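Here is the file run.cif (mmCIF, C-alpha atoms).
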```cif
data_structure
loop_
_atom_site.label_atom_id
_atom_site.label_comp_id
_atom_site.auth_asym_id
_atom_site.auth_seq_id
_atom_site.Cartn_x
_atom_site.Cartn_y
_atom_site.Cartn_z
CA MET M 1 30.38 90.15 -61.50
CA LYS M 2 27.58 91.84 -59.64
CA TYR M 3 29.64 91.98 -56.42
CA GLY M 4 33.30 91.37 -55.77
CA VAL M 5 34.75 88.09 -54.42
CA HIS M 6 35.56 89.75 -51.09
CA ILE M 7 31.99 91.02 -50.59
CA TYR M 8 30.41 87.61 -51.36
CA ALA M 9 32.96 85.81 -49.18
CA ARG M 10 32.55 88.14 -46.21
CA ALA M 11 28.73 87.91 -46.41
CA PHE M 12 28.82 84.11 -46.56
CA ALA M 13 31.37 83.92 -43.74
CA ASP M 14 29.20 86.20 -41.56
CA VAL M 15 26.11 84.04 -42.14
CA ILE M 16 27.97 80.81 -41.31
CA ALA M 17 29.55 82.38 -38.23
CA LYS M 18 26.11 83.39 -36.92
CA GLN M 19 24.37 80.11 -37.70
CA PRO M 20 27.00 77.38 -37.94
CA GLU M 21 24.37 74.66 -37.44
CA GLN M 22 22.55 75.72 -40.62
CA TYR M 23 25.65 75.49 -42.80
CA SER M 24 24.08 73.17 -45.39
CA GLU M 25 20.98 75.35 -45.92
CA SER M 26 22.99 78.55 -45.95
CA PHE M 27 25.39 77.07 -48.47
CA GLN M 28 22.52 76.02 -50.79
CA ARG M 29 20.93 79.48 -50.55
CA PHE M 30 24.27 81.13 -51.24
CA VAL M 31 24.85 78.99 -54.32
CA LEU M 32 21.36 79.94 -55.59
CA ILE M 33 22.13 83.63 -55.11
CA LEU M 34 25.39 83.24 -57.02
CA LYS M 35 23.54 81.52 -59.87
CA LYS M 36 20.87 84.23 -59.89
CA ASN M 37 23.53 86.97 -60.07
CA GLY M 38 25.41 85.11 -62.78
CA ASP M 39 28.50 84.81 -60.57
CA ALA M 40 28.51 81.02 -60.10
CA GLY M 41 31.78 80.82 -62.05
CA ALA M 42 33.64 82.45 -59.15
CA ALA M 43 32.07 80.15 -56.53
CA LYS M 44 35.32 78.29 -55.85
CA LYS M 45 37.27 81.50 -55.27
CA ILE M 46 34.49 82.94 -53.10
CA LEU M 47 34.24 79.85 -50.94
CA SER M 48 37.99 79.71 -50.50
CA LYS M 49 38.03 83.33 -49.42
CA ALA M 50 35.02 82.78 -47.13
CA ARG M 51 36.83 79.87 -45.51
CA GLU M 52 39.82 82.15 -44.99
CA PHE M 53 37.56 84.73 -43.29
CA LEU M 54 36.03 82.05 -41.04
CA ILE M 55 39.45 80.77 -40.08
CA ARG M 56 40.62 84.27 -39.22
CA LYS M 57 37.47 84.89 -37.21
CA SER M 58 38.15 81.79 -35.18
CA GLY M 59 41.75 83.00 -34.62
CA GLY M 60 43.31 80.61 -37.14
CA ARG M 61 45.55 81.22 -40.14
CA ARG M 62 45.59 79.98 -43.72
CA VAL M 63 48.75 78.00 -44.35
CA VAL M 64 49.84 76.83 -47.82
CA LEU M 65 52.58 74.20 -48.01
CA GLU M 66 54.12 74.15 -51.49
CA SER M 67 56.40 71.27 -52.40
CA ALA M 68 58.01 69.83 -55.53
CA ARG M 69 56.22 66.51 -55.06
CA PRO M 70 53.36 65.46 -52.73
CA LEU M 71 54.55 65.56 -49.13
CA SER M 72 54.85 62.25 -47.33
CA GLU M 73 52.61 61.66 -44.33
CA GLY M 74 55.60 61.86 -42.03
CA ASP M 75 56.79 65.20 -43.40
CA LEU M 76 53.24 66.60 -43.36
CA ALA M 77 52.80 65.53 -39.72
CA LYS M 78 56.10 67.12 -38.80
CA LEU M 79 54.97 70.40 -40.30
CA ARG M 80 51.43 70.24 -38.90
CA GLU M 81 52.90 70.03 -35.41
CA GLU M 82 54.14 73.57 -35.82
CA PHE M 83 50.66 74.98 -36.47
CA SER M 84 47.54 75.41 -34.34
CA PRO M 85 44.55 73.06 -34.89
CA ARG M 86 42.58 76.18 -35.84
CA ASP M 87 44.90 76.84 -38.78
CA LEU M 88 43.76 75.75 -42.20
CA ILE M 89 46.58 73.86 -43.89
CA GLU M 90 46.52 73.48 -47.67
CA THR M 91 49.07 71.71 -49.82
CA SER M 92 50.10 72.35 -53.39
CA VAL M 93 52.64 70.82 -55.75
CA ASN M 94 55.05 72.94 -57.81
CA PRO M 95 57.87 70.93 -59.49
CA GLU M 96 59.81 74.14 -60.18
CA ILE M 97 60.95 74.40 -56.58
CA LEU M 98 62.89 71.11 -57.12
CA GLY M 99 62.77 70.04 -53.46
CA GLY M 100 61.97 71.15 -49.91
CA VAL M 101 58.95 73.18 -48.94
CA LYS M 102 57.72 76.74 -49.21
CA ILE M 103 55.34 77.79 -46.44
CA MET M 104 53.00 80.75 -46.97
CA ILE M 105 51.03 81.93 -43.93
CA ASP M 106 48.04 84.24 -44.62
CA ASP M 107 49.82 85.54 -47.70
CA GLU M 108 51.88 87.60 -45.26
CA GLN M 109 54.71 85.40 -44.09
CA ILE M 110 56.77 83.15 -46.33
CA ILE M 111 59.27 80.54 -45.21
CA ASP M 112 61.24 79.41 -48.24
CA ALA M 113 63.15 76.20 -47.55
CA THR M 114 63.34 75.05 -51.16
CA LEU M 115 66.17 73.66 -53.22
CA SER M 116 65.50 76.17 -56.03
CA ARG M 117 66.08 79.06 -53.62
CA LYS M 118 69.31 77.50 -52.39
CA LEU M 119 70.54 77.04 -55.95
CA LYS M 120 69.55 80.59 -56.80
CA LYS M 121 71.50 81.83 -53.80
CA ILE M 122 74.57 79.88 -54.92
CA PHE M 123 74.51 81.19 -58.48
CA THR M 124 73.76 84.88 -57.82
CA MET Z 1 147.71 200.65 -164.30
CA SER Z 2 144.86 202.44 -165.82
CA GLU Z 3 145.93 201.08 -169.16
CA LEU Z 4 146.04 197.59 -167.81
CA ILE Z 5 142.55 197.96 -166.38
CA HIS Z 6 141.44 199.33 -169.71
CA LYS Z 7 143.02 196.40 -171.58
CA LEU Z 8 141.31 193.97 -169.20
CA GLY Z 9 137.98 195.56 -170.16
CA ILE Z 10 137.12 196.67 -166.62
CA ASP Z 11 134.68 199.51 -166.42
CA TRP Z 12 134.88 201.27 -163.07
CA LYS Z 13 131.36 202.43 -163.25
CA LEU Z 14 130.06 199.04 -164.17
CA LEU Z 15 132.21 197.42 -161.50
CA LEU Z 16 130.93 199.83 -158.91
CA ALA Z 17 127.38 199.18 -159.99
CA GLN Z 18 127.99 195.49 -159.79
CA VAL Z 19 129.53 195.90 -156.33
CA VAL Z 20 126.52 197.94 -155.26
CA ASN Z 21 124.26 195.32 -156.75
CA PHE Z 22 126.23 192.63 -155.03
CA LEU Z 23 125.99 194.44 -151.71
CA ILE Z 24 122.30 194.99 -152.16
CA ILE Z 25 121.83 191.31 -152.99
CA LEU Z 26 124.05 190.46 -150.05
CA VAL Z 27 121.92 192.54 -147.69
CA ILE Z 28 118.73 191.10 -149.13
CA LEU Z 29 120.05 187.58 -148.92
CA ARG Z 30 121.29 188.16 -145.38
CA PHE Z 31 117.86 189.16 -144.29
CA THR Z 32 115.82 186.78 -146.37
CA VAL Z 33 117.97 183.64 -146.56
CA TYR Z 34 120.97 183.72 -144.27
CA LYS Z 35 119.26 184.76 -141.09
CA PRO Z 36 116.26 182.41 -141.49
CA LEU Z 37 118.72 179.66 -142.42
CA LEU Z 38 120.79 180.37 -139.33
CA LYS Z 39 117.68 180.50 -137.28
CA MET Z 40 116.51 177.24 -138.76
CA LEU Z 41 119.90 175.64 -138.15
CA GLY Z 42 119.92 176.96 -134.59
CA GLU Z 43 116.50 175.61 -134.12
CA ARG Z 44 117.50 172.27 -135.52
CA ARG Z 45 120.60 172.16 -133.30
CA ARG Z 46 118.48 173.01 -130.31
CA LYS Z 47 116.07 170.29 -131.23
CA ILE Z 48 118.86 167.79 -131.68
CA GLU Z 49 120.37 168.81 -128.37
CA GLN Z 50 116.94 168.54 -126.75
CA GLY Z 51 116.55 165.16 -128.38
CA LEU Z 52 119.88 164.03 -127.05
CA LYS Z 53 119.09 165.45 -123.67
CA ASP Z 54 115.72 163.72 -123.72
CA SER Z 55 117.36 160.54 -124.85
CA GLU Z 56 119.83 160.76 -121.99
CA GLU Z 57 117.03 161.49 -119.58
CA ALA Z 58 115.08 158.60 -121.02
CA ALA Z 59 118.09 156.37 -120.66
CA GLN Z 60 118.51 157.57 -117.10
CA LYS Z 61 114.83 157.07 -116.44
CA LEU Z 62 114.99 153.69 -118.08
CA SER Z 63 117.88 152.69 -115.91
CA GLY Z 64 115.88 154.00 -112.93
CA VAL Z 65 112.86 152.04 -114.08
CA ASP Z 66 115.04 149.01 -114.56
CA ALA Z 67 116.35 149.37 -111.03
CA ALA Z 68 112.83 149.85 -109.69
CA TYR Z 69 111.70 146.88 -111.74
CA LYS Z 70 114.55 144.81 -110.35
CA GLN Z 71 113.76 146.05 -106.86
CA ARG Z 72 110.12 145.18 -107.37
CA ILE Z 73 111.02 141.77 -108.70
CA ALA Z 74 113.26 141.25 -105.68
CA GLN Z 75 110.48 142.48 -103.41
CA ALA Z 76 107.98 140.20 -105.15
CA GLU Z 77 110.38 137.29 -104.83
CA LYS Z 78 110.85 138.09 -101.16
CA GLU Z 79 107.10 138.36 -100.66
CA SER Z 80 106.47 135.15 -102.57
CA ILE Z 81 109.09 133.40 -100.45
CA ASN Z 82 107.40 134.78 -97.34
CA ILE Z 83 103.99 133.66 -98.60
CA LEU Z 84 105.34 130.25 -99.52
CA SER Z 85 107.03 129.82 -96.15
CA LYS Z 86 103.84 130.99 -94.44
CA LEU Z 87 101.79 128.58 -96.53
CA GLU Z 88 104.27 125.84 -95.75
CA GLY Z 89 103.92 126.61 -92.06
CA GLN Z 90 100.12 126.59 -92.35
CA ALA Z 91 100.25 123.33 -94.31
CA LYS Z 92 102.43 121.79 -91.64
CA GLU Z 93 100.05 123.00 -88.94
CA LYS Z 94 97.10 121.62 -90.92
CA GLU Z 95 98.91 118.34 -91.40
CA ALA Z 96 99.66 118.16 -87.68
CA GLU Z 97 96.00 118.97 -86.93
CA ILE Z 98 94.77 116.30 -89.38
CA LEU Z 99 97.18 113.80 -87.84
CA ARG Z 100 96.02 114.73 -84.35
CA VAL Z 101 92.35 114.35 -85.33
CA ALA Z 102 93.10 111.08 -87.13
CA LYS Z 103 94.91 109.76 -84.06
CA GLY Z 104 92.00 110.82 -81.87
CA LYS Z 105 89.55 109.06 -84.17
CA GLU Z 106 91.79 106.03 -84.32
CA ALA Z 107 91.90 105.91 -80.54
CA GLU Z 108 88.13 106.37 -80.41
CA ILE Z 109 87.54 103.60 -82.94
CA LEU Z 110 89.92 101.33 -81.05
CA SER Z 111 88.22 102.14 -77.78
CA THR Z 112 84.78 101.46 -79.30
CA ALA Z 113 86.02 98.21 -80.81
CA GLU Z 114 87.49 97.21 -77.46
CA LYS Z 115 84.23 98.06 -75.71
CA ILE Z 116 82.23 96.05 -78.25
CA ALA Z 117 84.62 93.13 -77.90
CA GLU Z 118 84.41 93.39 -74.12
CA ALA Z 119 80.60 93.54 -74.24
CA LYS Z 120 80.49 90.53 -76.57
CA LYS Z 121 82.86 88.67 -74.31
CA LYS Z 122 80.71 89.49 -71.30
CA GLU Z 123 77.59 88.53 -73.21
CA SER Z 124 79.04 85.18 -74.20
CA GLU Z 125 80.31 84.66 -70.65
CA THR Z 126 76.85 85.43 -69.29
CA LEU Z 127 75.32 83.05 -71.80
CA VAL Z 128 77.76 80.30 -70.89
CA TYR Z 129 77.17 81.00 -67.20
CA LYS Z 130 73.39 80.87 -67.64
CA GLU Z 131 73.67 77.62 -69.57
CA ALA Z 132 75.99 76.20 -66.92
CA VAL Z 133 73.56 77.21 -64.16
CA SER Z 134 70.66 75.70 -66.07
CA LEU Z 135 72.69 72.53 -66.60
CA VAL Z 136 73.63 72.32 -62.93
CA LYS Z 137 70.03 72.94 -61.87
CA SER Z 138 68.82 70.29 -64.25
CA ALA Z 139 71.47 67.85 -62.97
CA VAL Z 140 70.56 68.63 -59.37
CA ALA Z 141 66.84 68.18 -60.14
CA LYS Z 142 67.54 64.81 -61.75
CA ALA Z 143 69.76 63.76 -58.86
CA VAL Z 144 67.08 64.81 -56.37
CA ASN Z 145 64.40 62.93 -58.30
CA LEU Z 146 66.46 59.77 -57.99
CA LYS Z 147 66.26 59.92 -54.19
CA PRO Z 148 64.15 62.89 -53.02
CA SER Z 149 64.21 61.89 -49.36
CA LEU Z 150 67.91 62.81 -49.13
CA VAL Z 151 67.15 66.48 -49.80
CA GLU Z 152 63.55 66.69 -48.61
CA GLU Z 153 64.32 65.57 -45.07
CA SER Z 154 66.93 68.23 -44.40
CA LEU Z 155 64.97 70.98 -46.14
CA ILE Z 156 61.76 70.19 -44.27
CA GLN Z 157 63.77 70.11 -41.07
CA GLU Z 158 65.07 73.54 -41.99
CA ALA Z 159 61.49 74.75 -42.58
CA VAL Z 160 60.41 73.38 -39.19
CA GLN Z 161 63.34 75.15 -37.52
CA ALA Z 162 62.37 78.38 -39.25
CA LEU Z 163 58.77 78.01 -38.08
CA LYS Z 164 59.93 77.41 -34.50
CA LYS Z 165 62.15 80.43 -34.69
CA SER Z 166 59.29 82.60 -36.02
CA LYS Z 167 57.09 81.57 -33.05
CA GLN Z 168 59.67 82.80 -30.54
#
```
Turn the structure described in the file into structure tokens.
Amino acid sequence: MKYGVHIYARAFADVIAKQPEQYSESFQRFVLILKKNGDAGAAKKILSKAREFLIRKSGGRRVVLESARPLSEGDLAKLREEFSPRDLIETSVNPEILGGVKIMIDDEQIIDATLSRKLKKIFT
Amino acid sequence: MSELIHKLGIDWKLLLAQVVNFLIILVILRFTVYKPLLKMLGERRRKIEQGLKDSEEAAQKLSGVDAAYKQRIAQAEKESINILSKLEGQAKEKEAEILRVAKGKEAEILSTAEKIAEAKKKESETLVYKEAVSLVKSAVAKAVNLKPSLVEESLIQEAVQALKKSKQ
């Protein structure tokens, strides 16, 4: 890679923050630059990181809800209530946790309310 | 008397000459034969006496040597008994030492065997425990899959409570 993921993401986030109305054009230009530098393969990672930067700039947090099976609408709503509208909420499925939910906020705070953790606690 | 001597045919002159001759021969023999013979006999007696004396001395010496020999034999026997008893003592000490070392090794081997057995027991227990845990987890996962809502609801409620608590 010509530049690191963080550098690309911060640059893109800065551009979007300055000109939010020109998001579509900025995005196209950014994709062209990535192609030119031969770093298009990391586009997904870069955009995810850029989104994280934008959320943080706006005072929000990145929240990942990990569950053993897709969360029902009701459960998702219940959880959403606990976060700000500025927070970016992502969901992921990991059958290994058996049940419950694991909440990761900005990769800093983790709330582990999973069945696998409870079983681990019982057997250790 | 003179007649008788005459009738016997004795001539005094001849007799005297014979006596003188006899005496001369006697003197000569005394000096040439008798004395050397006596000397030789004396010498022989002295030698015999010396021989007897030497023999007695030899016998005495022999008896002394015999006594010394016997004393030496007795001393040697005593020393050999001492050496044997010392060797016996050393052998006993060595035997005791060997026994002590053998017992130590035996105890060590037993201890090692016990440790190995204990480790194997623990290993098998751990294995059984891990398998049991895996089995229980698998059973719980299957049970939860049958009706996830039963578990999900309470766990999500727990997560919500934790979030509320973290806000405070």
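If you apply the PyMOL selection byres ((chain Z) within 6 of (chain M)) to this structure, you end up with Ala141, Glu152, Leu155, Ile156 and Ala159 of chain Z.
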Rounded to one decimal in Å, what is the spacing between atom CA of M:Gly4 and atom CA of M:Glu66?
27.4 Å
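Once the PyMOL selection byres ((chain M and resi 91) around 8) is applied to the shown structure, the selection contains Val64, Leu65, Glu66, Ser67, Ile89, Glu90, Ser92 and Val93 of chain M.
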Two-atom distance - atom CA of Z:Glu3, atom CA of Z:Leu16 (Å):
18.2 Å
Take the PyMOL selection byres ((chain M and resi 46) around 12), run it mentally on this structure, and tell me the resulting residues as a ChimeraX atom specification.
/M:1,3-13,27,30-31,34,39-45,47-53
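In this structure, atom CA of M:Leu54 sits 8.2 Å away from atom CA of M:Ile16.
Distances here use all atoms listed in the file; by that measure, the residue among M:Ile33, M:Ala17, M:Met104, M:Ser26 closest to M:Ser58 is M:Ala17.
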